[in-house]
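Source file: entry_26.txt (compact mmCIF, C-alpha atoms and all ligand atoms)
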```
# COMPACT_ATOMS: atom_id res chain seq x y z
CA MET H 1 -74.27 -14.75 55.52
CA GLN H 2 -72.32 -16.07 52.56
CA ASN H 3 -73.92 -18.85 50.56
CA ILE H 4 -72.21 -22.22 50.57
CA TYR H 5 -72.44 -24.12 47.29
CA VAL H 6 -71.90 -27.82 46.63
CA THR H 7 -68.56 -27.00 45.04
CA LYS H 8 -66.25 -24.13 44.25
CA PRO H 9 -63.61 -24.49 41.54
CA TYR H 10 -60.05 -24.67 42.84
CA LEU H 11 -57.91 -21.75 41.64
CA PRO H 12 -54.17 -21.42 42.26
CA PRO H 13 -52.65 -17.98 43.03
CA LEU H 14 -53.26 -15.76 39.98
CA ASP H 15 -49.77 -14.23 39.93
CA GLU H 16 -48.31 -17.70 39.39
CA PHE H 17 -50.26 -17.96 36.14
CA TYR H 18 -48.82 -14.82 34.49
CA PRO H 19 -45.43 -16.39 33.60
CA TYR H 20 -47.24 -19.10 31.65
CA LEU H 21 -49.20 -16.49 29.73
CA GLU H 22 -46.01 -14.56 29.00
CA LYS H 23 -44.52 -17.69 27.45
CA ILE H 24 -47.59 -18.20 25.27
CA TRP H 25 -47.48 -14.55 24.15
CA ALA H 26 -43.77 -14.85 23.38
CA SER H 27 -44.21 -18.03 21.34
CA GLY H 28 -47.32 -16.84 19.51
CA VAL H 29 -48.50 -20.48 19.40
CA LEU H 30 -51.95 -20.80 20.93
CA THR H 31 -52.99 -24.38 20.22
CA ASN H 32 -52.48 -27.48 18.00
CA GLY H 33 -50.52 -29.59 20.44
CA ALA H 34 -47.80 -27.06 21.30
CA ALA H 35 -45.35 -27.00 24.22
CA PHE H 36 -47.70 -26.73 27.22
CA HIS H 37 -50.04 -29.32 25.71
CA GLN H 38 -47.17 -31.81 25.33
CA GLU H 39 -45.84 -31.06 28.78
CA LEU H 40 -49.23 -31.53 30.44
CA GLU H 41 -49.79 -34.87 28.67
CA ALA H 42 -46.42 -36.12 29.94
CA LYS H 43 -46.90 -34.81 33.48
CA LEU H 44 -50.41 -36.23 33.76
CA CYS H 45 -49.21 -39.69 32.62
CA GLU H 46 -46.63 -39.57 35.37
CA TYR H 47 -48.99 -38.24 38.04
CA LEU H 48 -51.83 -40.62 37.22
CA GLY H 49 -49.68 -43.69 36.60
CA VAL H 50 -50.99 -44.31 33.07
CA ARG H 51 -49.17 -45.05 29.83
CA HIS H 52 -50.75 -42.75 27.25
CA LEU H 53 -53.06 -39.76 27.53
CA SER H 54 -54.65 -37.46 24.96
CA LEU H 55 -55.88 -34.07 26.15
CA PHE H 56 -59.28 -32.82 24.99
CA SER H 57 -61.26 -29.59 25.04
CA ASN H 58 -63.79 -31.23 27.38
CA GLY H 59 -64.87 -34.61 28.70
CA THR H 60 -67.95 -34.96 26.52
CA ILE H 61 -66.05 -34.58 23.23
CA ALA H 62 -63.52 -37.06 24.67
CA LEU H 63 -66.32 -39.59 25.35
CA ILE H 64 -67.72 -39.13 21.84
CA THR H 65 -64.25 -39.53 20.33
CA ALA H 66 -63.44 -42.61 22.43
CA LEU H 67 -66.52 -44.35 20.99
CA GLN H 68 -65.48 -43.29 17.48
CA ALA H 69 -61.93 -44.54 18.00
CA LEU H 70 -63.16 -48.05 18.82
CA GLY H 71 -65.84 -47.98 16.09
CA ILE H 72 -68.58 -48.77 18.59
CA LYS H 73 -72.05 -49.35 17.10
CA GLY H 74 -75.28 -51.13 18.04
CA GLU H 75 -76.13 -51.34 21.75
CA VAL H 76 -73.96 -50.18 24.63
CA ILE H 77 -74.75 -51.07 28.23
CA THR H 78 -74.51 -48.07 30.55
CA THR H 79 -75.77 -46.65 33.84
CA PRO H 80 -78.77 -44.35 34.25
CA TYR H 81 -77.17 -43.04 37.45
CA SER H 82 -74.70 -40.50 36.05
CA PHE H 83 -74.39 -37.07 34.51
CA VAL H 84 -76.36 -36.89 31.27
CA ALA H 85 -73.21 -36.59 29.10
CA THR H 86 -72.51 -40.32 29.58
CA ALA H 87 -75.58 -41.37 27.58
CA HIS H 88 -75.49 -38.33 25.28
CA SER H 89 -72.10 -39.50 23.97
CA LEU H 90 -73.82 -42.71 22.85
CA LEU H 91 -76.74 -40.95 21.15
CA TRP H 92 -74.34 -38.62 19.31
CA ASN H 93 -72.75 -41.73 17.81
CA GLY H 94 -76.09 -43.26 16.79
CA ILE H 95 -75.66 -45.95 19.47
CA THR H 96 -78.59 -47.38 21.45
CA PRO H 97 -78.03 -46.96 25.19
CA VAL H 98 -79.13 -49.96 27.25
CA PHE H 99 -79.65 -48.89 30.84
CA VAL H 100 -78.76 -51.38 33.55
CA ASP H 101 -79.42 -50.97 37.26
CA VAL H 102 -76.71 -50.13 39.79
CA ASP H 103 -75.55 -52.00 42.87
CA PRO H 104 -77.13 -50.52 46.04
CA LEU H 105 -73.79 -50.27 47.87
CA THR H 106 -71.40 -49.05 45.17
CA LEU H 107 -73.96 -47.13 43.08
CA ASN H 108 -72.04 -48.44 40.07
CA LEU H 109 -73.27 -50.88 37.39
CA ASP H 110 -74.16 -54.29 38.84
CA PRO H 111 -72.13 -56.91 36.89
CA ALA H 112 -74.83 -59.60 37.20
CA LYS H 113 -77.37 -57.22 35.68
CA ILE H 114 -74.92 -56.25 32.93
CA GLU H 115 -74.65 -59.91 31.95
CA ALA H 116 -78.43 -60.31 31.89
CA ALA H 117 -78.75 -57.34 29.49
CA ILE H 118 -76.25 -58.56 26.88
CA THR H 119 -77.81 -59.30 23.47
CA PRO H 120 -76.30 -60.21 20.08
CA ASN H 121 -76.28 -56.44 19.32
CA THR H 122 -74.25 -55.48 22.41
CA THR H 123 -70.81 -54.20 21.43
CA ALA H 124 -69.55 -52.42 24.54
CA ILE H 125 -70.07 -51.41 28.15
CA MET H 126 -69.76 -47.81 29.32
CA PRO H 127 -69.60 -47.84 33.12
CA VAL H 128 -69.05 -44.79 35.33
CA HIS H 129 -66.83 -44.74 38.43
CA CYS H 130 -69.53 -42.79 40.22
CA TYR H 131 -68.23 -40.20 42.76
CA GLY H 132 -64.75 -41.62 42.05
CA TYR H 133 -65.62 -44.95 43.74
CA PRO H 134 -64.36 -47.75 41.48
CA CYS H 135 -66.65 -50.03 39.53
CA ASP H 136 -66.16 -53.79 39.88
CA VAL H 137 -63.47 -53.60 37.20
CA VAL H 138 -62.49 -57.27 37.53
CA ALA H 139 -66.02 -58.59 37.00
CA ILE H 140 -66.54 -56.16 34.11
CA GLU H 141 -63.28 -57.29 32.51
CA GLY H 142 -64.45 -60.90 32.86
CA LEU H 143 -67.73 -60.14 31.08
CA ALA H 144 -65.93 -58.22 28.33
CA LYS H 145 -63.67 -61.22 27.65
CA LYS H 146 -66.50 -63.75 27.83
CA TYR H 147 -68.73 -61.87 25.37
CA GLY H 148 -66.12 -60.08 23.24
CA LEU H 149 -67.19 -56.58 24.34
CA ARG H 150 -65.20 -53.34 24.55
CA VAL H 151 -65.19 -51.32 27.78
CA ILE H 152 -65.02 -47.53 27.86
CA TYR H 153 -65.02 -46.10 31.37
CA ASP H 154 -66.52 -42.69 31.98
CA ALA H 155 -63.91 -41.80 34.60
CA ALA H 156 -64.94 -38.14 34.85
CA HIS H 157 -65.02 -38.41 38.68
CA ALA H 158 -61.98 -40.62 39.05
CA PHE H 159 -58.95 -38.35 38.65
CA GLY H 160 -56.05 -39.84 40.60
CA VAL H 161 -58.01 -42.73 42.13
CA ARG H 162 -55.90 -45.84 42.75
CA PHE H 163 -56.34 -49.27 44.26
CA GLU H 164 -54.33 -50.01 47.42
CA SER H 165 -51.78 -51.78 45.22
CA GLY H 166 -51.04 -48.36 43.72
CA GLU H 167 -52.57 -49.34 40.37
CA SER H 168 -54.60 -46.54 38.78
CA ILE H 169 -58.23 -47.43 38.12
CA LEU H 170 -57.76 -45.58 34.83
CA ASN H 171 -55.76 -48.54 33.49
CA TYR H 172 -58.83 -50.81 33.32
CA GLY H 173 -60.99 -51.21 30.25
CA ASP H 174 -60.06 -50.39 26.65
CA LEU H 175 -60.20 -46.64 27.27
CA SER H 176 -60.94 -44.32 30.20
CA VAL H 177 -62.22 -40.79 29.84
CA LEU H 178 -61.55 -37.93 32.27
CA SER H 179 -63.20 -34.53 32.63
CA PHE H 180 -61.28 -31.45 33.73
CA HIS H 181 -64.38 -29.28 33.96
CA ALA H 182 -64.30 -26.41 36.47
CA THR H 183 -66.28 -28.41 39.03
CA LYS H 184 -64.04 -31.48 38.98
CA VAL H 185 -61.18 -32.36 41.39
CA PHE H 186 -58.59 -31.32 38.79
CA ASN H 187 -59.73 -28.58 36.42
CA THR H 188 -58.41 -26.75 33.37
CA PHE H 189 -61.52 -24.47 33.26
CA GLU H 190 -62.87 -26.83 30.58
CA GLY H 191 -60.98 -29.92 29.52
CA GLY H 192 -60.79 -33.67 29.39
CA ALA H 193 -58.62 -36.60 28.37
CA ILE H 194 -58.65 -40.15 27.04
CA ILE H 195 -56.32 -42.73 28.58
CA SER H 196 -55.05 -45.27 26.02
CA PRO H 197 -53.21 -48.53 26.70
CA ASP H 198 -50.81 -48.25 23.74
CA LEU H 199 -49.23 -45.67 21.48
CA GLN H 200 -51.08 -46.85 18.37
CA THR H 201 -54.44 -46.14 20.02
CA LYS H 202 -53.26 -42.77 21.32
CA THR H 203 -52.03 -41.77 17.85
CA ARG H 204 -55.39 -42.70 16.35
CA ILE H 205 -57.21 -40.66 18.99
CA ASP H 206 -54.87 -37.69 18.45
CA GLN H 207 -55.74 -37.79 14.74
CA LEU H 208 -59.46 -38.01 15.48
CA LYS H 209 -59.34 -34.98 17.76
CA ASN H 210 -57.58 -32.98 15.02
CA PHE H 211 -60.08 -33.36 12.12
CA GLY H 212 -58.49 -36.67 11.02
CA PHE H 213 -55.21 -35.08 9.87
CA THR H 214 -52.12 -37.28 9.87
CA ASP H 215 -49.89 -34.63 8.31
CA GLU H 216 -50.25 -31.21 6.66
CA ILE H 217 -52.22 -32.45 3.63
CA THR H 218 -53.55 -35.88 4.57
CA VAL H 219 -56.96 -36.45 6.13
CA ILE H 220 -57.66 -40.13 6.75
CA GLU H 221 -61.06 -39.93 8.41
CA ALA H 222 -63.83 -37.60 9.54
CA GLY H 223 -62.37 -36.32 12.77
CA ILE H 224 -63.54 -33.56 15.03
CA ASN H 225 -61.90 -30.59 16.75
CA GLY H 226 -61.34 -31.77 20.31
CA LYS H 227 -58.01 -30.04 20.97
CA MET H 228 -57.11 -28.39 24.26
CA SER H 229 -55.66 -24.87 23.90
CA GLU H 230 -52.31 -23.76 25.29
CA VAL H 231 -53.99 -21.53 27.90
CA ASN H 232 -55.94 -24.47 29.32
CA ALA H 233 -52.90 -26.77 29.20
CA ALA H 234 -50.74 -24.15 30.97
CA PHE H 235 -53.40 -23.75 33.63
CA GLY H 236 -53.42 -27.53 34.05
CA LEU H 237 -49.68 -27.53 34.69
CA LEU H 238 -50.14 -24.95 37.43
CA GLN H 239 -53.12 -26.82 38.93
CA LEU H 240 -51.09 -30.03 39.03
CA LYS H 241 -48.67 -28.39 41.47
CA TYR H 242 -51.53 -27.93 43.93
CA VAL H 243 -53.65 -30.98 43.30
CA ASN H 244 -52.27 -33.15 46.13
CA GLU H 245 -52.81 -30.32 48.58
CA ALA H 246 -56.33 -29.80 47.26
CA ILE H 247 -57.18 -33.51 47.62
CA GLU H 248 -55.76 -33.53 51.16
CA LEU H 249 -58.08 -30.65 52.11
CA ARG H 250 -61.02 -32.54 50.62
CA LYS H 251 -60.02 -35.64 52.60
CA ASN H 252 -60.21 -33.72 55.90
CA ILE H 253 -63.66 -32.42 55.02
CA ASP H 254 -64.79 -35.94 54.11
CA HIS H 255 -63.58 -37.26 57.49
CA THR H 256 -65.29 -34.47 59.41
CA TYR H 257 -68.62 -35.17 57.67
CA ARG H 258 -68.37 -38.89 58.41
CA GLN H 259 -67.62 -38.27 62.09
CA SER H 260 -70.29 -35.61 62.57
CA LEU H 261 -73.06 -37.30 60.61
CA SER H 262 -72.59 -40.90 61.79
CA ALA H 263 -74.85 -40.23 64.79
CA VAL H 264 -77.59 -38.60 62.71
CA SER H 265 -80.34 -41.15 62.22
CA GLY H 266 -81.60 -41.19 58.63
CA ILE H 267 -78.41 -39.83 57.06
CA GLU H 268 -76.27 -42.57 55.50
CA CYS H 269 -72.80 -41.80 54.21
CA ILE H 270 -71.61 -43.72 51.15
CA HIS H 271 -68.37 -45.69 51.38
CA ALA H 272 -65.86 -46.68 48.74
CA PRO H 273 -66.48 -50.35 47.90
CA TYR H 274 -62.79 -51.27 48.10
CA HIS H 275 -59.79 -49.87 49.87
CA VAL H 276 -58.78 -47.14 47.48
CA VAL H 277 -56.70 -44.02 47.42
CA GLY H 278 -59.66 -41.78 46.73
CA ASN H 279 -60.01 -38.22 45.51
CA TYR H 280 -62.93 -37.09 47.71
CA SER H 281 -64.59 -35.49 44.71
CA TYR H 282 -68.11 -35.57 46.17
CA PHE H 283 -69.74 -36.13 49.53
CA PRO H 284 -72.97 -38.00 48.76
CA VAL H 285 -75.39 -39.04 51.51
CA LEU H 286 -78.66 -40.94 51.41
CA VAL H 287 -81.60 -39.31 53.18
CA THR H 288 -83.58 -42.36 54.33
CA PRO H 289 -87.11 -42.64 55.77
CA GLN H 290 -85.62 -42.52 59.31
CA PHE H 291 -84.83 -38.85 58.74
CA PRO H 292 -87.65 -36.50 59.85
CA LEU H 293 -87.67 -34.68 56.48
CA SER H 294 -87.86 -36.01 52.95
CA ARG H 295 -84.76 -35.57 50.82
CA ASP H 296 -86.39 -32.71 48.92
CA ALA H 297 -87.60 -31.04 52.11
CA LEU H 298 -84.06 -31.20 53.52
CA TYR H 299 -82.66 -29.83 50.25
CA GLU H 300 -85.06 -26.85 50.52
CA LYS H 301 -84.51 -26.38 54.27
CA LEU H 302 -80.73 -26.21 53.80
CA LYS H 303 -81.22 -23.37 51.30
CA THR H 304 -82.74 -21.29 54.12
CA TYR H 305 -79.35 -21.66 55.88
CA GLY H 306 -77.57 -20.53 52.68
CA VAL H 307 -76.44 -24.12 51.97
CA PHE H 308 -76.91 -25.15 48.34
CA THR H 309 -76.56 -28.92 48.01
CA ARG H 310 -77.19 -30.84 44.77
CA ARG H 311 -79.22 -33.93 44.00
CA TYR H 312 -76.60 -35.73 41.88
CA PHE H 313 -77.91 -37.87 40.16
CA TYR H 314 -81.57 -36.99 40.14
CA PRO H 315 -83.47 -37.25 37.83
CA LEU H 316 -82.04 -40.42 36.29
CA ILE H 317 -80.70 -40.06 32.74
CA SER H 318 -83.22 -42.69 31.66
CA SER H 319 -86.09 -40.39 32.63
CA PHE H 320 -85.10 -37.53 30.29
CA PRO H 321 -87.30 -37.18 27.19
CA MET H 322 -84.72 -38.44 24.69
CA TYR H 323 -84.20 -41.66 26.70
CA LYS H 324 -87.45 -42.49 28.44
CA ASN H 325 -88.93 -44.50 25.56
CA PHE H 326 -86.05 -46.96 25.30
CA PRO H 327 -87.27 -50.31 26.73
CA SER H 328 -84.39 -50.40 29.24
CA ALA H 329 -85.42 -46.98 30.61
CA ASN H 330 -88.50 -48.51 32.27
CA PRO H 331 -88.20 -47.64 35.99
CA GLU H 332 -89.24 -51.23 36.83
CA ASN H 333 -85.92 -52.27 35.28
CA LEU H 334 -84.07 -49.70 37.40
CA THR H 335 -85.48 -50.01 40.90
CA VAL H 336 -82.21 -49.48 42.79
CA SER H 337 -81.20 -46.45 40.70
CA THR H 338 -84.68 -44.98 41.09
CA ASP H 339 -84.61 -45.43 44.86
CA VAL H 340 -81.11 -43.96 45.22
CA ALA H 341 -81.95 -41.00 42.95
CA ASN H 342 -84.82 -40.19 45.31
CA LYS H 343 -82.63 -40.29 48.44
CA ILE H 344 -79.32 -38.83 47.30
CA LEU H 345 -77.94 -35.47 48.36
CA CYS H 346 -74.41 -34.23 47.68
CA LEU H 347 -73.07 -31.97 50.44
CA PRO H 348 -70.59 -29.12 49.89
CA ILE H 349 -66.99 -30.32 49.55
CA TYR H 350 -64.14 -28.31 48.05
CA PRO H 351 -60.64 -27.28 49.15
CA ASP H 352 -61.63 -23.75 50.23
CA LEU H 353 -64.56 -24.87 52.42
CA THR H 354 -63.67 -23.59 55.88
CA PRO H 355 -64.33 -25.54 59.11
CA GLU H 356 -66.84 -22.81 60.03
CA GLN H 357 -68.70 -23.25 56.75
CA GLN H 358 -68.71 -27.02 57.12
CA GLY H 359 -70.04 -26.49 60.64
CA VAL H 360 -72.95 -24.49 59.21
CA VAL H 361 -73.81 -27.41 56.89
CA ILE H 362 -73.59 -30.01 59.67
CA ASP H 363 -75.53 -27.94 62.21
CA ALA H 364 -78.24 -27.21 59.66
CA ILE H 365 -78.71 -30.96 59.04
CA LYS H 366 -78.67 -31.71 62.79
CA SER H 367 -81.21 -28.96 63.48
CA CYS H 368 -83.80 -31.03 61.59
CA VAL H 369 -83.58 -33.92 64.07
CA SER H 370 -83.53 -32.10 67.39
C1 LIG H 401 -68.54 -33.85 34.19
C2 LIG H 401 -68.97 -35.17 33.62
C3 LIG H 401 -68.94 -35.43 32.24
C4 LIG H 401 -68.73 -34.34 31.20
O1 LIG H 401 -67.53 -33.73 31.23
P1 LIG H 401 -67.40 -32.25 30.57
O2 LIG H 401 -65.91 -32.04 30.70
O3 LIG H 401 -68.19 -31.32 31.42
O4 LIG H 401 -67.84 -32.34 29.18
C5 LIG H 401 -69.22 -36.71 31.79
N1 LIG H 401 -69.56 -37.68 32.65
C6 LIG H 401 -69.64 -37.47 33.98
C7 LIG H 401 -70.00 -38.61 34.86
C8 LIG H 401 -69.37 -36.20 34.50
O5 LIG H 401 -69.50 -35.99 35.82
```
Take the structure in the file and write it out as structure tokens.
Amino acid sequence: MQNIYVTKPYLPPLDEFYPYLEKIWASGVLTNGAAFHQELEAKLCEYLGVRHLSLFSNGTIALITALQALGIKGEVITTPYSFVATAHSLLWNGITPVFVDVDPLTLNLDPAKIEAAITPNTTAIMPVHCYGYPCDVVAIEGLAKKYGLRVIYDAAHAFGVRFESGESILNYGDLSVLSFHATKVFNTFEGGAIISPDLQTKTRIDQLKNFGFTDEITVIEAGINGKMSEVNAAFGLLQLKYVNEAIELRKNIDHTYRQSLSAVSGIECIHAPYHVVGNYSYFPVLVTPQFPLSRDALYEKLKTYGVFTRRYFYPLISSFPMYKNFPSANPENLTVSTDVANKILCLPIYPDLTPEQQGVVIDAIKSCVS
């Protein structure tokens, strides 16, 4: 029996990648914003429906750079229910993370609780579009205006997600940050990007990701090396040709899970809070007390069937040693997040998951109730 993991990186046919490599070998230019890098930035702007995009070597460096670009200091309101890189990007900038609880339905930051956590030291909000389901971007925009705060979205899960109007969710906030890590819907092995609303901001970010250089001999600030190489950019161009197909395959898997699991008492599927064109990046379910096994018992039981799910996002970021002593990390302040973290289980979803494999996952869950 072959193991089934929560995800498997999407890879296009290898022989289609060789011509890109031949071009790189012929040019002898491996990085520093060369041809493939420029082409991928342009094609991603078009595909995503955004104005300006800066490629990065990974999403975490992009988050760190986004905070630098806006000069964020003091306290930043963020979610404990995310991958640890969200809060790490704040600590790496000497910023105090202020954890705010999530909404029980969307699993994204609750706007009312954001407002209650704003202090004179608050400078920004860093929400996450968790699982690619949009945050309440309108309410967050309202708060940002009312209190003069910046908004940087960690949009690592939100590649290609749009509202029904066709508007990309990446166009909300001051900046949005994507990850193209191997496990994400669109991958460049490692990679990431910042979406900027105007060319001036993009230019600033492009300088910051290249040590602060503006030309051959001028360094205007202490930048970092966040550049994406030509090999990764070329791979991105090839991936982009297959991404719609890959998302369509994910969509079918999502629908099959919803149909098959709706009758299973104690397993609750999570729904997008608005009508969106989603990307089906994850398939999270809540294992509630109605289910015969605890979440952790189910997680272990599934392993005996060769099914390796993941408990994203457990433990909460706020419980890790470098965060747990911040006042806002007190679990009493984060009751919804704590409850969800104890119930959540992400089931396998990826383009190459076969109907037979998905059947193994579903039957294994059902076998616990009968
Ligand atoms: C994957 C991820 C990141 C980090 O991206 P990398 O490209 O792996 O550095 C940040 N935030 C969230 C929510 C993520 O899922």
Please identify all polymer residues within 12 Å of Leu44 (chain H), counting all atoms listed in the file, omitting same-chain residues fewer than 4 positions from it, and present them as a PyMOL selection string. chain H and resi 36-40+48-55+159-160+170+178+180+186+192-195+233+236-241+243
Go ahead and dump the residues you just picked, C-alpha atoms, as an mmCIF file, in the frame of the given file.
```
data_model
loop_
_atom_site.group_PDB
_atom_site.id
_atom_site.type_symbol
_atom_site.label_atom_id
_atom_site.label_comp_id
_atom_site.auth_asym_id
_atom_site.auth_seq_id
_atom_site.Cartn_x
_atom_site.Cartn_y
_atom_site.Cartn_z
ATOM 1 C CA PHE H 36 -47.700 -26.730 27.220
ATOM 2 C CA HIS H 37 -50.040 -29.320 25.710
ATOM 3 C CA GLN H 38 -47.170 -31.810 25.330
ATOM 4 C CA GLU H 39 -45.840 -31.060 28.780
ATOM 5 C CA LEU H 40 -49.230 -31.530 30.440
ATOM 6 C CA LEU H 48 -51.830 -40.620 37.220
ATOM 7 C CA GLY H 49 -49.680 -43.690 36.600
ATOM 8 C CA VAL H 50 -50.990 -44.310 33.070
ATOM 9 C CA ARG H 51 -49.170 -45.050 29.830
ATOM 10 C CA HIS H 52 -50.750 -42.750 27.250
ATOM 11 C CA LEU H 53 -53.060 -39.760 27.530
ATOM 12 C CA SER H 54 -54.650 -37.460 24.960
ATOM 13 C CA LEU H 55 -55.880 -34.070 26.150
ATOM 14 C CA PHE H 159 -58.950 -38.350 38.650
ATOM 15 C CA GLY H 160 -56.050 -39.840 40.600
ATOM 16 C CA LEU H 170 -57.760 -45.580 34.830
ATOM 17 C CA LEU H 178 -61.550 -37.930 32.270
ATOM 18 C CA PHE H 180 -61.280 -31.450 33.730
ATOM 19 C CA PHE H 186 -58.590 -31.320 38.790
ATOM 20 C CA GLY H 192 -60.790 -33.670 29.390
ATOM 21 C CA ALA H 193 -58.620 -36.600 28.370
ATOM 22 C CA ILE H 194 -58.650 -40.150 27.040
ATOM 23 C CA ILE H 195 -56.320 -42.730 28.580
ATOM 24 C CA ALA H 233 -52.900 -26.770 29.200
ATOM 25 C CA GLY H 236 -53.420 -27.530 34.050
ATOM 26 C CA LEU H 237 -49.680 -27.530 34.690
ATOM 27 C CA LEU H 238 -50.140 -24.950 37.430
ATOM 28 C CA GLN H 239 -53.120 -26.820 38.930
ATOM 29 C CA LEU H 240 -51.090 -30.030 39.030
ATOM 30 C CA LYS H 241 -48.670 -28.390 41.470
ATOM 31 C CA VAL H 243 -53.650 -30.980 43.300
#
```
With only C-alpha atoms and all ligand atoms as the atoms that count, which of H:Ser176, H:Asn232, H:Asn244, H:Thr60 lies nearest to ligand LIG 401 (chain H)?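 Residue with the minimum atom-to-atom distance to ligand LIG 401 (chain H): H:Thr60.
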Please identify the residues whose atoms come within 9 Å of ligand LIG 401 (chain H), using all atoms listed in the file, and report them as a compact mmCIF listing (two decimals) with C-alpha atoms, in the coordinates of the input.
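In the end it all went to selection_12.txt:
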```txt
# COMPACT_ATOMS: atom_id res chain seq x y z
CA PHE H 56 -59.28 -32.82 24.99
CA SER H 57 -61.26 -29.59 25.04
CA ASN H 58 -63.79 -31.23 27.38
CA GLY H 59 -64.87 -34.61 28.70
CA THR H 60 -67.95 -34.96 26.52
CA ILE H 61 -66.05 -34.58 23.23
CA ALA H 62 -63.52 -37.06 24.67
CA LEU H 63 -66.32 -39.59 25.35
CA TYR H 81 -77.17 -43.04 37.45
CA SER H 82 -74.70 -40.50 36.05
CA PHE H 83 -74.39 -37.07 34.51
CA VAL H 84 -76.36 -36.89 31.27
CA ALA H 85 -73.21 -36.59 29.10
CA THR H 86 -72.51 -40.32 29.58
CA ALA H 87 -75.58 -41.37 27.58
CA SER H 89 -72.10 -39.50 23.97
CA VAL H 128 -69.05 -44.79 35.33
CA HIS H 129 -66.83 -44.74 38.43
CA CYS H 130 -69.53 -42.79 40.22
CA TYR H 131 -68.23 -40.20 42.76
CA ASP H 154 -66.52 -42.69 31.98
CA ALA H 155 -63.91 -41.80 34.60
CA ALA H 156 -64.94 -38.14 34.85
CA HIS H 157 -65.02 -38.41 38.68
CA VAL H 177 -62.22 -40.79 29.84
CA LEU H 178 -61.55 -37.93 32.27
CA SER H 179 -63.20 -34.53 32.63
CA PHE H 180 -61.28 -31.45 33.73
CA HIS H 181 -64.38 -29.28 33.96
CA ALA H 182 -64.30 -26.41 36.47
CA THR H 183 -66.28 -28.41 39.03
CA LYS H 184 -64.04 -31.48 38.98
CA GLU H 190 -62.87 -26.83 30.58
CA GLY H 191 -60.98 -29.92 29.52
CA GLY H 192 -60.79 -33.67 29.39
CA ALA H 193 -58.62 -36.60 28.37
```
Selection: 12 Å around Lys145 (chain H), only C-alpha atoms, excl. self and same-chain fewer than 2 positions, as a ChimeraX atom specification: /H:115,123-125,138-143,147-151,173-174
Which residues are close to Asn210 (chain H), i.e. within 12 Å by all atoms listed in the file, leaving aside same-chain residues fewer than 5 positions away? Reply as a VMD selection string. chain H and resid 31 to 33 54 to 57 61 65 203 to 205 215 to 216 218 to 228
Shell around region 252-264 of chain H at 7 Å using only C-alpha atoms, local window under 3 positions removed, as a ChimeraX atom specification: /H:248-249,267,269,280,283,349,366
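Relative to CA of Asp110 (chain H), CA of Asp136 (chain H) is found at 8.1 Å.
You can rank H:Thr79, H:Gln200, H:Thr288, H:Thr309 by their closest distance to Val100 (chain H) using all atoms listed in the file, and at the top of that list sits H:Thr79.
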Tell me, in Å to one decimal, how far CA of Val361 (chain H) is from CA of Val307 (chain H).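 Calculated distance between CA of Val361 (chain H) and CA of Val307 (chain H) is 6.5 Å.
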What separation in Å, quoted to one decimal, exists between CA of Thr96 (chain H) and CA of Pro120 (chain H)? 13.1 Å
So that I can see what lies close to Gly278 (chain H), please list as number ranges by chain the residues with an atom at most 10 Å from it, counting only C-alpha atoms and leaving out residues fewer than 4 positions away in the same chain. H: 131-134, 158-164, 247, 251, 272
Identify which of the residues H:Val231, H:Val76, H:Cys346, H:Cys135 lies closest to Tyr274 (chain H), counting all atoms listed in the file when measuring atom-to-atom distances. H:Cys135
Would you please work out which residue, of H:Val340, H:Ala364, H:Leu67, H:Lys146, is nearest to Lys301 (chain H) when using only C-alpha atoms? H:Ala364
Could you tell me which of H:Pro104, H:Pro80, H:Pro284, H:Gly71 comes closest to Asn330 (chain H) if we count all atoms listed in the file?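 With all atoms listed in the file as the atom set, the closest residue is H:Pro80.
Of the residues under consideration (H:Val137, H:Ala246, H:Ile317, H:Ala69), H:Val137 shows the shortest atom-to-atom contact distance to Leu109 (chain H) when counting only C-alpha atoms.
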